[in-house]
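Student: Data file model_4.cif (mmCIF, C-alpha atoms) is appended below.
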```
data_final
#
loop_
_atom_site.label_atom_id
_atom_site.label_comp_id
_atom_site.auth_asym_id
_atom_site.auth_seq_id
_atom_site.Cartn_x
_atom_site.Cartn_y
_atom_site.Cartn_z
CA MET A 192 8.52 -18.54 11.87
CA GLU A 193 8.08 -21.60 9.66
CA LYS A 194 10.30 -20.46 6.81
CA PHE A 195 12.95 -17.81 6.26
CA ARG A 196 15.71 -16.89 3.81
CA THR A 197 19.26 -16.45 5.03
CA VAL A 198 22.90 -16.77 4.00
CA LYS A 199 24.07 -20.34 3.57
CA LYS A 200 27.60 -19.42 2.48
CA ALA A 201 29.20 -16.05 3.30
CA GLY A 202 29.79 -13.48 0.56
CA HIS A 203 32.65 -11.02 0.00
CA ALA A 204 33.11 -8.25 -2.57
CA GLU A 205 35.19 -5.14 -3.15
CA LEU A 206 34.31 -1.94 -4.99
CA THR A 207 36.56 1.04 -5.78
CA GLU A 208 35.06 4.51 -6.10
CA LYS A 209 37.40 7.47 -6.73
CA LYS A 210 40.30 5.68 -5.02
CA SER A 211 38.26 4.75 -1.95
CA VAL A 212 37.88 0.99 -1.49
CA PHE A 213 34.58 -0.37 -0.16
CA ILE A 214 34.78 -3.94 1.13
CA GLY A 215 31.50 -5.78 1.67
CA ASP A 216 31.00 -8.94 3.74
CA ILE A 217 27.78 -10.76 4.59
CA ALA A 218 27.31 -13.81 6.82
CA HIS A 219 24.69 -15.77 8.71
CA VAL A 220 24.36 -15.08 12.45
CA GLU A 221 22.17 -16.69 15.09
CA SER A 222 22.09 -13.80 17.57
CA GLU A 223 22.69 -10.09 18.00
CA GLU A 224 25.84 -10.95 19.96
CA GLU A 225 27.20 -12.85 16.96
CA ALA A 226 26.39 -9.90 14.69
CA LYS A 227 28.25 -7.47 16.97
CA ALA A 228 31.23 -9.84 17.16
CA PHE A 229 31.33 -10.02 13.36
CA VAL A 230 31.48 -6.22 13.13
CA GLU A 231 34.31 -6.10 15.66
CA GLU A 232 36.21 -8.73 13.67
CA LYS A 233 36.09 -6.42 10.65
CA ARG A 234 37.35 -3.50 12.73
CA LYS A 235 40.35 -5.56 13.79
CA ALA A 236 40.95 -6.97 10.31
CA TYR A 237 40.91 -3.52 8.67
CA ARG A 238 42.63 -1.27 11.19
CA ASP A 239 43.42 1.28 8.47
CA ALA A 240 39.74 1.63 7.59
CA ARG A 241 38.11 5.01 8.11
CA HIS A 242 34.61 3.54 8.60
CA VAL A 243 33.01 0.14 9.25
CA VAL A 244 29.38 0.59 8.28
CA PHE A 245 27.03 -2.26 9.14
CA ALA A 246 23.47 -3.49 9.32
CA TYR A 247 21.92 -6.68 10.62
CA ILE A 248 18.55 -8.36 11.05
CA VAL A 249 18.25 -11.11 13.65
CA GLY A 250 14.76 -12.24 14.57
CA ASN A 251 12.79 -9.13 15.44
CA THR A 252 15.94 -7.06 15.98
CA MET A 253 17.09 -4.66 13.25
CA ARG A 254 20.14 -2.43 13.64
CA TYR A 255 22.41 -0.30 11.46
CA SER A 256 25.20 2.25 11.83
CA ASP A 257 26.74 4.92 9.58
CA ASP A 258 29.88 4.70 11.76
CA GLY A 259 30.79 8.35 11.35
CA GLU A 260 29.70 8.82 7.75
CA PRO A 261 27.13 11.56 7.03
CA GLN A 262 23.78 10.49 8.46
CA GLY A 263 21.89 8.05 6.26
CA THR A 264 24.65 7.52 3.68
CA GLY A 265 25.93 4.17 4.98
CA GLY A 266 23.78 2.15 7.36
CA PRO A 267 20.36 2.64 5.74
CA PRO A 268 21.55 1.71 2.20
CA VAL A 269 23.21 -1.44 3.59
CA LEU A 270 20.08 -2.36 5.56
CA ASP A 271 18.00 -1.78 2.45
CA VAL A 272 20.05 -4.40 0.57
CA ILE A 273 19.26 -6.96 3.27
CA LYS A 274 15.56 -6.13 3.11
CA LYS A 275 15.37 -6.18 -0.69
CA ASN A 276 16.89 -9.67 -0.72
CA GLY A 277 14.39 -10.88 1.87
CA LEU A 278 17.09 -12.00 4.29
CA THR A 279 17.08 -12.48 8.04
CA GLY A 280 19.62 -13.89 10.47
CA VAL A 281 22.37 -11.97 8.68
CA VAL A 282 24.96 -9.24 9.28
CA LEU A 283 26.33 -7.13 6.43
CA THR A 284 29.37 -4.88 6.81
CA VAL A 285 30.96 -2.47 4.37
CA VAL A 286 34.45 -1.28 5.27
CA ARG A 287 35.67 1.94 3.68
CA ILE A 288 39.36 2.57 3.14
CA PHE A 289 39.57 6.27 2.27
CA GLY A 290 41.30 7.17 -0.98
CA GLY A 291 41.65 10.91 -0.41
CA ILE A 292 38.76 12.10 -2.58
CA LEU A 293 35.43 13.15 -1.07
CA LEU A 294 32.44 11.43 -2.66
CA GLY A 295 29.54 13.52 -1.39
CA ALA A 296 26.35 12.12 0.13
CA GLY A 297 25.04 10.70 -3.14
CA GLY A 298 28.35 9.07 -4.02
CA LEU A 299 28.68 7.51 -0.59
CA THR A 300 25.17 6.12 -0.68
CA ARG A 301 25.75 4.54 -4.10
CA ALA A 302 29.11 3.11 -3.07
CA TYR A 303 27.89 1.57 0.19
CA SER A 304 24.79 0.20 -1.51
CA GLY A 305 26.85 -1.16 -4.40
CA ALA A 306 29.39 -2.92 -2.19
CA ALA A 307 26.62 -4.37 -0.01
CA ALA A 308 24.70 -5.62 -3.06
CA ALA A 309 27.86 -7.16 -4.53
CA ALA A 310 28.63 -9.00 -1.28
CA CYS A 311 25.07 -10.28 -1.18
CA ALA A 312 25.31 -11.45 -4.80
CA ALA A 313 28.53 -13.30 -3.98
CA ALA A 314 26.89 -15.14 -1.09
CA GLU A 315 24.91 -18.35 -1.37
CA CYS A 316 21.44 -17.84 0.05
CA ALA A 317 18.69 -20.37 0.68
CA PHE A 318 15.27 -20.75 2.25
CA PHE A 319 15.21 -22.68 5.51
CA GLU A 320 12.09 -24.33 6.85
CA GLU A 321 11.10 -25.34 10.37
CA TYR A 322 10.90 -29.10 10.98
CA GLU A 323 9.66 -31.17 13.89
CA GLU A 324 11.04 -34.58 14.86
CA TYR A 325 8.95 -37.14 16.72
CA ALA A 326 9.61 -40.45 18.48
CA LEU A 327 7.19 -43.37 18.31
CA GLU A 328 7.20 -46.89 19.75
CA ILE A 329 5.07 -49.49 17.98
CA ASP A 330 4.59 -53.23 17.54
CA TYR A 331 6.21 -55.09 14.65
CA THR A 332 2.75 -55.77 13.22
CA GLU A 333 2.12 -52.01 12.93
CA TYR A 334 5.42 -51.09 11.30
CA GLN A 335 4.63 -51.41 7.59
CA LYS A 336 1.22 -49.79 7.92
CA LEU A 337 2.55 -46.79 9.89
CA LEU A 338 5.59 -46.46 7.64
CA TYR A 339 3.17 -46.03 4.76
CA GLU A 340 0.98 -43.54 6.66
CA ILE A 341 3.96 -41.41 7.72
CA THR A 342 5.56 -41.19 4.29
CA GLN A 343 2.24 -40.66 2.49
CA ALA A 344 1.42 -37.75 4.81
CA GLY A 345 4.76 -36.06 4.10
CA GLY A 346 6.93 -37.36 6.93
CA LYS A 347 10.36 -38.98 6.68
CA ILE A 348 11.77 -41.76 8.86
CA THR A 349 15.03 -40.58 10.44
CA SER A 350 15.92 -43.63 12.57
CA THR A 351 14.63 -47.08 13.52
CA ASP A 352 15.55 -49.52 16.26
CA PHE A 353 14.23 -53.08 16.10
CA SER A 354 14.28 -54.80 19.50
CA ASN A 355 11.31 -56.05 21.54
CA ASN A 356 9.23 -53.38 19.83
CA VAL A 357 10.03 -50.98 17.02
CA SER A 358 11.29 -47.57 18.10
CA LEU A 359 11.40 -45.03 15.34
CA CYS A 360 11.82 -41.34 14.78
CA PHE A 361 10.37 -39.32 11.95
CA SER A 362 10.46 -35.69 10.92
CA SER A 363 8.27 -33.45 8.81
CA PRO A 364 7.91 -29.76 8.00
CA ALA A 365 6.27 -28.08 11.01
CA ARG A 366 3.41 -26.84 8.83
CA ILE A 367 2.21 -30.44 8.23
CA ALA A 368 3.41 -32.14 11.41
CA GLY A 369 -0.08 -32.09 12.93
CA ARG A 370 -1.44 -33.89 9.88
CA VAL A 371 1.22 -36.60 10.06
CA CYS A 372 0.58 -37.19 13.78
CA ALA A 373 -3.17 -37.29 13.20
CA LYS A 374 -2.69 -40.00 10.54
CA ILE A 375 -0.78 -42.14 13.05
CA THR A 376 -3.37 -41.66 15.77
CA ALA A 377 -6.21 -42.53 13.38
CA ALA A 378 -4.41 -45.57 11.95
CA THR A 379 -3.90 -47.02 15.46
CA ASN A 380 -7.35 -46.09 16.80
CA GLY A 381 -5.77 -43.68 19.24
CA LYS A 382 -3.31 -46.19 20.75
CA ARG A 383 -0.15 -44.49 19.44
CA THR A 384 0.73 -40.83 19.97
CA PRO A 385 4.05 -39.51 18.64
CA ALA A 386 6.21 -37.61 21.17
CA LEU A 387 7.87 -34.38 20.03
CA VAL A 388 11.67 -34.69 20.31
CA ARG A 389 12.89 -31.39 18.86
CA LYS A 390 12.26 -28.53 16.50
CA TYR A 391 14.93 -27.42 14.05
CA PHE A 392 15.50 -25.57 10.80
CA ASP A 393 16.78 -27.22 7.64
CA GLU A 394 17.19 -26.08 4.07
CA GLU A 395 13.88 -26.16 2.27
CA LYS A 396 13.77 -29.01 -0.22
CA LEU A 397 12.46 -28.48 -3.72
CA LYS A 398 8.96 -29.90 -4.00
#
```
Re-express the file's structure as C-alpha coordinates.
Tutor:
Amino acid sequence: MEKFRTVKKAGHAELTEKKSVFIGDIAHVESEEEAKAFVEEKRKAYRDARHVVFAYIVGNTMRYSDDGEPQGTGGPPVLDVIKKNGLTGVVLTVVRIFGGILLGAGGLTRAYSGAAAAACAAAECAFFEEYEEYALEIDYTEYQKLLYEITQAGGKITSTDFSNNVSLCFSSPARIAGRVCAKITAATNGKRTPALVRKYFDEEKLK
(Lines of atoms letter the chains of each structure in order from A and count residues from 1; the text may use other names and numbers.)
(Lines give C-alpha, C1' and ligand atoms only; values in the text may rest on other atoms or scores of the structure.)
Protein backbone atom coordinates (compact mmCIF):
# COMPACT_ATOMS: atom_id res chain seq x y z
CA MET A 1 0.00 0.00 0.00
CA GLU A 2 1.70 3.19 -1.17
CA LYS A 3 -0.98 5.62 -0.01
CA PHE A 4 -3.97 5.53 2.31
CA ARG A 5 -6.36 7.88 4.10
CA THR A 6 -6.74 7.70 7.86
CA VAL A 7 -7.54 9.76 10.94
CA LYS A 8 -4.82 12.21 11.90
CA LYS A 9 -6.70 13.68 14.87
CA ALA A 10 -9.51 11.80 16.65
CA GLY A 11 -13.11 12.95 16.31
CA HIS A 12 -15.98 13.03 18.83
CA ALA A 13 -19.66 13.90 18.42
CA GLU A 14 -22.98 13.44 20.20
CA LEU A 15 -26.47 13.11 18.77
CA THR A 16 -29.79 12.94 20.64
CA GLU A 17 -32.71 11.06 19.13
CA LYS A 18 -35.96 10.78 21.14
CA LYS A 19 -34.08 11.12 24.43
CA SER A 20 -31.50 8.47 23.52
CA VAL A 21 -27.96 9.83 23.31
CA PHE A 22 -25.63 8.46 20.63
CA ILE A 23 -21.95 9.22 21.24
CA GLY A 24 -19.57 8.74 18.32
CA ASP A 25 -15.77 8.46 18.52
CA ILE A 26 -13.27 7.72 15.77
CA ALA A 27 -9.51 7.27 16.06
CA HIS A 28 -6.50 5.93 14.21
CA VAL A 29 -5.30 2.42 15.14
CA GLU A 30 -2.31 0.41 13.95
CA SER A 31 -3.65 -3.07 14.70
CA GLU A 32 -6.77 -5.08 15.42
CA GLU A 33 -5.62 -5.35 19.04
CA GLU A 34 -5.59 -1.55 19.33
CA ALA A 35 -9.08 -1.39 17.81
CA LYS A 36 -10.43 -3.91 20.33
CA ALA A 37 -8.77 -2.04 23.20
CA PHE A 38 -10.40 1.20 22.03
CA VAL A 39 -13.84 -0.45 22.11
CA GLU A 40 -13.21 -1.76 25.62
CA GLU A 41 -12.16 1.73 26.74
CA LYS A 42 -15.56 3.02 25.63
CA ARG A 43 -17.34 0.25 27.52
CA LYS A 44 -15.53 1.26 30.69
CA ALA A 45 -16.03 4.98 30.10
CA TYR A 46 -19.79 4.62 29.53
CA ARG A 47 -20.84 1.94 32.00
CA ASP A 48 -24.46 3.14 31.84
CA ALA A 49 -24.58 2.62 28.08
CA ARG A 50 -27.01 0.05 26.73
CA HIS A 51 -24.94 -0.65 23.59
CA VAL A 52 -21.42 0.04 22.28
CA VAL A 53 -21.68 -0.44 18.54
CA PHE A 54 -18.43 -0.42 16.60
CA ALA A 55 -16.69 -0.99 13.30
CA TYR A 56 -13.06 -0.94 12.25
CA ILE A 57 -10.86 -1.44 9.22
CA VAL A 58 -7.20 -2.30 9.79
CA GLY A 59 -5.23 -3.51 6.80
CA ASN A 60 -7.21 -6.33 5.24
CA THR A 61 -9.27 -6.88 8.40
CA MET A 62 -12.81 -5.50 8.58
CA ARG A 63 -15.06 -6.03 11.59
CA TYR A 64 -18.30 -4.63 13.02
CA SER A 65 -20.80 -5.39 15.78
CA ASP A 66 -24.41 -4.42 16.50
CA ASP A 67 -23.71 -5.19 20.18
CA GLY A 68 -27.22 -6.38 20.91
CA GLU A 69 -29.13 -3.98 18.69
CA PRO A 70 -31.44 -5.49 16.03
CA GLN A 71 -29.30 -7.11 13.34
CA GLY A 72 -27.90 -4.65 10.82
CA THR A 73 -29.09 -1.47 12.57
CA GLY A 74 -25.78 -0.51 14.20
CA GLY A 75 -22.56 -2.08 12.95
CA PRO A 76 -23.20 -2.00 9.19
CA PRO A 77 -24.22 1.72 9.13
CA VAL A 78 -21.11 2.61 11.15
CA LEU A 79 -18.88 0.54 8.86
CA ASP A 80 -20.50 2.19 5.86
CA VAL A 81 -19.44 5.62 7.16
CA ILE A 82 -15.82 4.45 7.30
CA LYS A 83 -16.02 3.10 3.76
CA LYS A 84 -17.72 6.19 2.32
CA ASN A 85 -14.94 8.37 3.73
CA GLY A 86 -12.28 6.12 2.23
CA LEU A 87 -10.61 5.47 5.58
CA THR A 88 -8.44 2.64 6.82
CA GLY A 89 -6.49 2.08 10.01
CA VAL A 90 -9.45 3.40 12.02
CA VAL A 91 -11.95 2.31 14.67
CA LEU A 92 -15.33 4.00 15.02
CA THR A 93 -17.61 3.46 18.02
CA VAL A 94 -21.10 4.73 18.72
CA VAL A 95 -22.28 4.42 22.31
CA ARG A 96 -26.02 4.49 22.94
CA ILE A 97 -27.42 5.69 26.24
CA PHE A 98 -31.07 4.64 26.17
CA GLY A 99 -33.65 7.36 26.72
CA GLY A 100 -36.69 5.15 27.26
CA ILE A 101 -38.28 5.50 23.81
CA LEU A 102 -37.94 2.78 21.18
CA LEU A 103 -36.71 4.05 17.83
CA GLY A 104 -37.46 1.14 15.52
CA ALA A 105 -35.02 -0.34 13.01
CA GLY A 106 -35.10 2.66 10.68
CA GLY A 107 -34.63 5.14 13.51
CA LEU A 108 -31.72 3.20 14.95
CA THR A 109 -29.99 2.95 11.61
CA ARG A 110 -30.31 6.69 11.01
CA ALA A 111 -29.13 7.53 14.52
CA TYR A 112 -26.07 5.27 14.44
CA SER A 113 -25.17 6.44 10.95
CA GLY A 114 -25.67 10.08 11.93
CA ALA A 115 -23.52 9.87 15.06
CA ALA A 116 -20.79 8.00 13.16
CA ALA A 117 -20.82 10.56 10.34
CA ALA A 118 -20.67 13.45 12.82
CA ALA A 119 -17.68 11.91 14.62
CA CYS A 120 -15.95 11.43 11.29
CA ALA A 121 -16.66 15.04 10.31
CA ALA A 122 -15.19 16.22 13.62
CA ALA A 123 -11.97 14.28 13.02
CA GLU A 124 -8.99 15.52 11.05
CA CYS A 125 -8.21 13.10 8.25
CA ALA A 126 -5.28 13.03 5.86
CA PHE A 127 -3.66 10.94 3.15
CA PHE A 128 -0.45 9.20 4.17
CA GLU A 129 2.12 8.01 1.67
CA GLU A 130 4.80 5.33 1.91
CA TYR A 131 8.38 6.64 1.91
CA GLU A 132 11.74 4.92 1.70
CA GLU A 133 14.93 6.21 3.31
CA TYR A 134 18.37 5.34 1.95
CA ALA A 135 21.96 5.72 3.15
CA LEU A 136 24.81 6.60 0.80
CA GLU A 137 28.54 7.16 1.28
CA ILE A 138 30.32 9.28 -1.33
CA ASP A 139 33.44 11.34 -1.94
CA TYR A 140 33.45 15.10 -1.38
CA THR A 141 33.93 15.60 -5.12
CA GLU A 142 30.64 13.80 -5.80
CA TYR A 143 28.54 15.64 -3.23
CA GLN A 144 27.21 18.62 -5.20
CA LYS A 145 26.50 16.55 -8.30
CA LEU A 146 24.60 13.84 -6.38
CA LEU A 147 22.78 16.41 -4.27
CA TYR A 148 21.45 17.85 -7.51
CA GLU A 149 20.52 14.43 -8.93
CA ILE A 150 18.68 13.37 -5.76
CA THR A 151 16.63 16.54 -5.39
CA GLN A 152 15.87 16.79 -9.11
CA ALA A 153 14.56 13.21 -9.11
CA GLY A 154 12.22 13.93 -6.19
CA GLY A 155 14.31 12.88 -3.21
CA LYS A 156 15.05 14.88 -0.06
CA ILE A 157 18.26 14.88 1.98
CA THR A 158 17.44 13.96 5.59
CA SER A 159 20.95 13.97 7.12
CA THR A 160 24.60 14.52 6.21
CA ASP A 161 27.85 13.75 7.99
CA PHE A 162 31.08 15.25 6.67
CA SER A 163 34.16 13.33 7.84
CA ASN A 164 36.68 11.42 5.72
CA ASN A 165 33.89 10.89 3.20
CA VAL A 166 30.36 12.24 3.02
CA SER A 167 27.70 10.03 4.58
CA LEU A 168 24.19 11.08 3.78
CA CYS A 169 20.65 9.84 4.00
CA PHE A 170 17.80 10.74 1.70
CA SER A 171 14.15 9.82 1.46
CA SER A 172 11.57 9.80 -1.31
CA PRO A 173 8.05 8.53 -1.90
CA ALA A 174 8.25 4.77 -2.44
CA ARG A 175 6.62 5.11 -5.86
CA ILE A 176 9.66 7.03 -7.20
CA ALA A 177 12.44 5.61 -5.02
CA GLY A 178 13.66 3.33 -7.81
CA ARG A 179 14.02 6.32 -10.11
CA VAL A 180 16.04 8.28 -7.55
CA CYS A 181 18.39 5.34 -6.92
CA ALA A 182 18.81 4.78 -10.65
CA LYS A 183 19.85 8.43 -11.09
CA ILE A 184 22.57 7.99 -8.46
CA THR A 185 23.84 4.77 -10.00
CA ALA A 186 23.94 6.33 -13.48
CA ALA A 187 25.63 9.53 -12.26
CA THR A 188 28.44 7.52 -10.62
CA ASN A 189 28.82 4.96 -13.43
CA GLY A 190 27.61 2.22 -11.12
CA LYS A 191 30.09 2.94 -8.31
CA ARG A 192 27.49 4.10 -5.75
CA THR A 193 24.42 2.11 -4.73
CA PRO A 194 22.11 3.51 -2.04
CA ALA A 195 21.29 1.13 0.85
CA LEU A 196 17.69 0.95 2.05
CA VAL A 197 17.47 1.98 5.72
CA ARG A 198 13.73 1.89 6.40
CA LYS A 199 10.24 2.23 5.03
CA TYR A 200 7.70 4.46 6.74
CA PHE A 201 4.48 6.38 6.20
CA ASP A 202 4.24 10.15 6.35
CA GLU A 203 1.51 12.63 5.56
CA GLU A 204 1.28 13.19 1.83
CA LYS A 205 2.61 16.61 0.89
CA LEU A 206 0.72 18.83 -1.51
CA LYS A 207 2.39 18.75 -4.90
Student: Have a look at CA of Gly259 in chain A and CA of His242 in chain A and let me know their distance in Å, one decimal.
Tutor: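 Pair CA of Gly259 in chain A / CA of His242 in chain A returns 6.7 Å.
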Student: Which residues fall under the PyMOL selection byres ((chain A and resi 274) around 12) in this file, as a PyMOL selection string?
Tutor: chain A and resi 196-197+246-249+253+267-273+275-283+307-308+311
Student: Near Phe229 in chain A, within 10 Å and counting all atoms listed in the file, which residues show up once chain neighbours fewer than 4 positions away are dropped, as a PyMOL selection string?
Tutor: chain A and resi 216-220+223-225+233-234+245+282-284
Student: Which of these, A:Gly250, A:Arg238, A:Thr264, A:Phe392, has the shortest distance to Phe318 in chain A once you count only C-alpha atoms?
Tutor: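 Once distances to Phe318 in chain A are computed over only C-alpha atoms, the minimum belongs to A:Phe392.
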Student: Specify as a list in words each residue included when the PyMOL selection byres ((chain A and resi 325) around 7) is applied to this file.
Tutor: Glu323, Glu324, Ala326, Leu327, Cys360, Phe361, Ser362, Pro385, Ala386, Leu387 and Val388 of chain A
Student: Tell me, as a list in words, which residues lie within 10 Å of range 330-340 of chain A, counting only C-alpha atoms; anything in the same chain fewer than 2 positions away does not count.
Tutor: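 Using only C-alpha atoms, the neighbours found are Glu328, Thr342, Gln343, Ala344, Gly345, Gly346, Lys347, Ile348, Phe353, Ser354, Asn355, Asn356, Val357, Ser358, Leu359, Phe361, Val371, Cys372, Ala373, Lys374, Ile375, Thr376, Ala377, Ala378 and Thr379 of chain A.
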Student: Counting all atoms listed in the file, figure out which residue out of A:Val285, A:Val230, A:Ala312, A:Val198 gets nearest to Val212 in chain A.
Tutor: A:Val285
Student: Rounded to one decimal in Å, what is the spacing between CA of Ala240 in chain A and CA of Ile288 in chain A?
Tutor: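 Atom-to-atom, CA of Ala240 in chain A and CA of Ile288 in chain A are spaced 4.6 Å apart.
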Student: So, counting only C-alpha atoms, which residue among A:Lys209, A:Arg366, A:Lys235, A:Arg241 is closest to Gly298 in chain A?
Tutor: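 Looking at the shortest contact to Gly298 in chain A, the residue is A:Lys209.
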Student: From the list A:Glu221, A:Glu232, A:Asp393, A:Asp258, which residue is nearest Tyr322 in chain A when using all atoms listed in the file?
Tutor: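 Nearest candidate to Tyr322 in chain A out of A:Glu221, A:Glu232, A:Asp393, A:Asp258: A:Asp393.
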Student: Show which residues sit within 6 Å of Glu321 in chain A, as a list in words. Count only C-alpha atoms, and ignore same-chain residues fewer than 6 positions away.
Tutor: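 In the requested format, the answer is Glu193, Pro364, Ala365, Tyr391 and Phe392 of chain A.
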Student: How many Å separate CA of Glu394 in chain A from CA of Lys199 in chain A?
Tutor: 9.0 Å
Student: A:Asp239, A:Thr252, A:Lys210, A:Asp257: which is nearest Ser222 in chain A, counting all atoms listed in the file?
Tutor: A:Thr252
Student: Could you tell me which residues the PyMOL selection byres ((chain A and resi 205) around 9) returns for this structure, as a PyMOL selection string?
Tutor: chain A and resi 203-204+206-207+212-216+306+309-310
Student: Taking only C-alpha atoms into account, which of A:Thr351, A:Val244, A:Ser363, A:Ala236 comes nearest Tyr303 in chain A?
Tutor: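 Smallest separation from Tyr303 in chain A among the options: A:Val244.
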Student: Output range 313-343 of chain A as a PDB file, keeping the file's coordinate frame, making sure N, CA and C atoms are there.
Tutor:
```pdb
ATOM      1  N   ALA A 313      27.459 -12.306  -4.065  1.00  0.00           N
ATOM      2  CA  ALA A 313      28.530 -13.300  -3.980  1.00  0.00           C
ATOM      3  C   ALA A 313      28.225 -14.404  -2.982  1.00  0.00           C
ATOM      4  N   ALA A 314      27.263 -14.151  -2.104  1.00  0.00           N
ATOM      5  CA  ALA A 314      26.890 -15.140  -1.090  1.00  0.00           C
ATOM      6  C   ALA A 314      25.959 -16.196  -1.681  1.00  0.00           C
ATOM      7  N   GLU A 315      25.887 -17.318  -1.000  1.00  0.00           N
ATOM      8  CA  GLU A 315      24.910 -18.350  -1.370  1.00  0.00           C
ATOM      9  C   GLU A 315      23.779 -18.289  -0.355  1.00  0.00           C
ATOM     10  N   CYS A 316      22.596 -17.984  -0.825  1.00  0.00           N
ATOM     11  CA  CYS A 316      21.440 -17.840   0.050  1.00  0.00           C
ATOM     12  C   CYS A 316      20.444 -18.974  -0.199  1.00  0.00           C
ATOM     13  N   ALA A 317      19.670 -19.293   0.818  1.00  0.00           N
ATOM     14  CA  ALA A 317      18.690 -20.370   0.680  1.00  0.00           C
ATOM     15  C   ALA A 317      17.538 -20.147   1.650  1.00  0.00           C
ATOM     16  N   PHE A 318      16.400 -20.750   1.331  1.00  0.00           N
ATOM     17  CA  PHE A 318      15.270 -20.750   2.250  1.00  0.00           C
ATOM     18  C   PHE A 318      15.429 -21.913   3.226  1.00  0.00           C
ATOM     19  N   PHE A 319      15.172 -21.645   4.491  1.00  0.00           N
ATOM     20  CA  PHE A 319      15.210 -22.680   5.510  1.00  0.00           C
ATOM     21  C   PHE A 319      13.815 -22.811   6.109  1.00  0.00           C
ATOM     22  N   GLU A 320      13.433 -24.042   6.374  1.00  0.00           N
ATOM     23  CA  GLU A 320      12.090 -24.330   6.850  1.00  0.00           C
ATOM     24  C   GLU A 320      12.149 -25.008   8.210  1.00  0.00           C
ATOM     25  N   GLU A 321      11.151 -24.726   9.046  1.00  0.00           N
ATOM     26  CA  GLU A 321      11.100 -25.340  10.370  1.00  0.00           C
ATOM     27  C   GLU A 321      10.583 -26.774  10.273  1.00  0.00           C
ATOM     28  N   TYR A 322      11.288 -27.688  10.939  1.00  0.00           N
ATOM     29  CA  TYR A 322      10.900 -29.100  10.980  1.00  0.00           C
ATOM     30  C   TYR A 322      10.654 -29.516  12.418  1.00  0.00           C
ATOM     31  N   GLU A 323       9.883 -30.568  12.573  1.00  0.00           N
ATOM     32  CA  GLU A 323       9.660 -31.170  13.890  1.00  0.00           C
ATOM     33  C   GLU A 323      10.004 -32.651  13.794  1.00  0.00           C
ATOM     34  N   GLU A 324      10.694 -33.156  14.812  1.00  0.00           N
ATOM     35  CA  GLU A 324      11.040 -34.580  14.860  1.00  0.00           C
ATOM     36  C   GLU A 324      10.301 -35.237  16.015  1.00  0.00           C
ATOM     37  N   TYR A 325       9.745 -36.422  15.736  1.00  0.00           N
ATOM     38  CA  TYR A 325       8.950 -37.140  16.720  1.00  0.00           C
ATOM     39  C   TYR A 325       9.497 -38.548  16.940  1.00  0.00           C
ATOM     40  N   ALA A 326       9.258 -39.065  18.147  1.00  0.00           N
ATOM     41  CA  ALA A 326       9.610 -40.450  18.480  1.00  0.00           C
ATOM     42  C   ALA A 326       8.324 -41.250  18.639  1.00  0.00           C
ATOM     43  N   LEU A 327       8.383 -42.520  18.272  1.00  0.00           N
ATOM     44  CA  LEU A 327       7.190 -43.370  18.310  1.00  0.00           C
ATOM     45  C   LEU A 327       7.623 -44.808  18.569  1.00  0.00           C
ATOM     46  N   GLU A 328       6.937 -45.480  19.485  1.00  0.00           N
ATOM     47  CA  GLU A 328       7.200 -46.890  19.750  1.00  0.00           C
ATOM     48  C   GLU A 328       5.970 -47.698  19.361  1.00  0.00           C
ATOM     49  N   ILE A 329       6.181 -48.718  18.533  1.00  0.00           N
ATOM     50  CA  ILE A 329       5.070 -49.490  17.980  1.00  0.00           C
ATOM     51  C   ILE A 329       5.401 -50.987  17.977  1.00  0.00           C
ATOM     52  N   ASP A 330       4.381 -51.788  17.702  1.00  0.00           N
ATOM     53  CA  ASP A 330       4.590 -53.230  17.540  1.00  0.00           C
ATOM     54  C   ASP A 330       5.093 -53.516  16.125  1.00  0.00           C
ATOM     55  N   TYR A 331       5.730 -54.683  15.973  1.00  0.00           N
ATOM     56  CA  TYR A 331       6.210 -55.090  14.650  1.00  0.00           C
ATOM     57  C   TYR A 331       5.064 -55.161  13.650  1.00  0.00           C
ATOM     58  N   THR A 332       3.887 -55.601  14.123  1.00  0.00           N
ATOM     59  CA  THR A 332       2.750 -55.770  13.220  1.00  0.00           C
ATOM     60  C   THR A 332       2.231 -54.424  12.679  1.00  0.00           C
ATOM     61  N   GLU A 333       2.583 -53.341  13.349  1.00  0.00           N
ATOM     62  CA  GLU A 333       2.120 -52.010  12.930  1.00  0.00           C
ATOM     63  C   GLU A 333       3.111 -51.303  12.017  1.00  0.00           C
ATOM     64  N   TYR A 334       4.323 -51.835  11.942  1.00  0.00           N
ATOM     65  CA  TYR A 334       5.420 -51.090  11.300  1.00  0.00           C
ATOM     66  C   TYR A 334       5.135 -50.723   9.846  1.00  0.00           C
ATOM     67  N   GLN A 335       4.825 -51.685   9.026  1.00  0.00           N
ATOM     68  CA  GLN A 335       4.630 -51.410   7.590  1.00  0.00           C
ATOM     69  C   GLN A 335       3.474 -50.445   7.348  1.00  0.00           C
ATOM     70  N   LYS A 336       2.390 -50.651   8.088  1.00  0.00           N
ATOM     71  CA  LYS A 336       1.220 -49.790   7.920  1.00  0.00           C
ATOM     72  C   LYS A 336       1.548 -48.338   8.298  1.00  0.00           C
ATOM     73  N   LEU A 337       2.244 -48.151   9.437  1.00  0.00           N
ATOM     74  CA  LEU A 337       2.550 -46.790   9.890  1.00  0.00           C
ATOM     75  C   LEU A 337       3.661 -46.161   9.051  1.00  0.00           C
ATOM     76  N   LEU A 338       4.562 -46.980   8.554  1.00  0.00           N
ATOM     77  CA  LEU A 338       5.590 -46.460   7.640  1.00  0.00           C
ATOM     78  C   LEU A 338       4.915 -45.852   6.418  1.00  0.00           C
ATOM     79  N   TYR A 339       3.924 -46.525   5.907  1.00  0.00           N
ATOM     80  CA  TYR A 339       3.170 -46.030   4.760  1.00  0.00           C
ATOM     81  C   TYR A 339       2.437 -44.739   5.113  1.00  0.00           C
ATOM     82  N   GLU A 340       1.747 -44.720   6.255  1.00  0.00           N
ATOM     83  CA  GLU A 340       0.980 -43.540   6.660  1.00  0.00           C
ATOM     84  C   GLU A 340       1.890 -42.316   6.840  1.00  0.00           C
ATOM     85  N   ILE A 341       3.038 -42.518   7.459  1.00  0.00           N
ATOM     86  CA  ILE A 341       3.960 -41.410   7.720  1.00  0.00           C
ATOM     87  C   ILE A 341       4.498 -40.817   6.418  1.00  0.00           C
ATOM     88  N   THR A 342       4.969 -41.685   5.542  1.00  0.00           N
ATOM     89  CA  THR A 342       5.560 -41.190   4.290  1.00  0.00           C
ATOM     90  C   THR A 342       4.506 -40.607   3.357  1.00  0.00           C
ATOM     91  N   GLN A 343       3.318 -41.193   3.338  1.00  0.00           N
ATOM     92  CA  GLN A 343       2.240 -40.660   2.490  1.00  0.00           C
ATOM     93  C   GLN A 343       1.787 -39.284   2.957  1.00  0.00           C
TER      94      GLN A 343
END
```
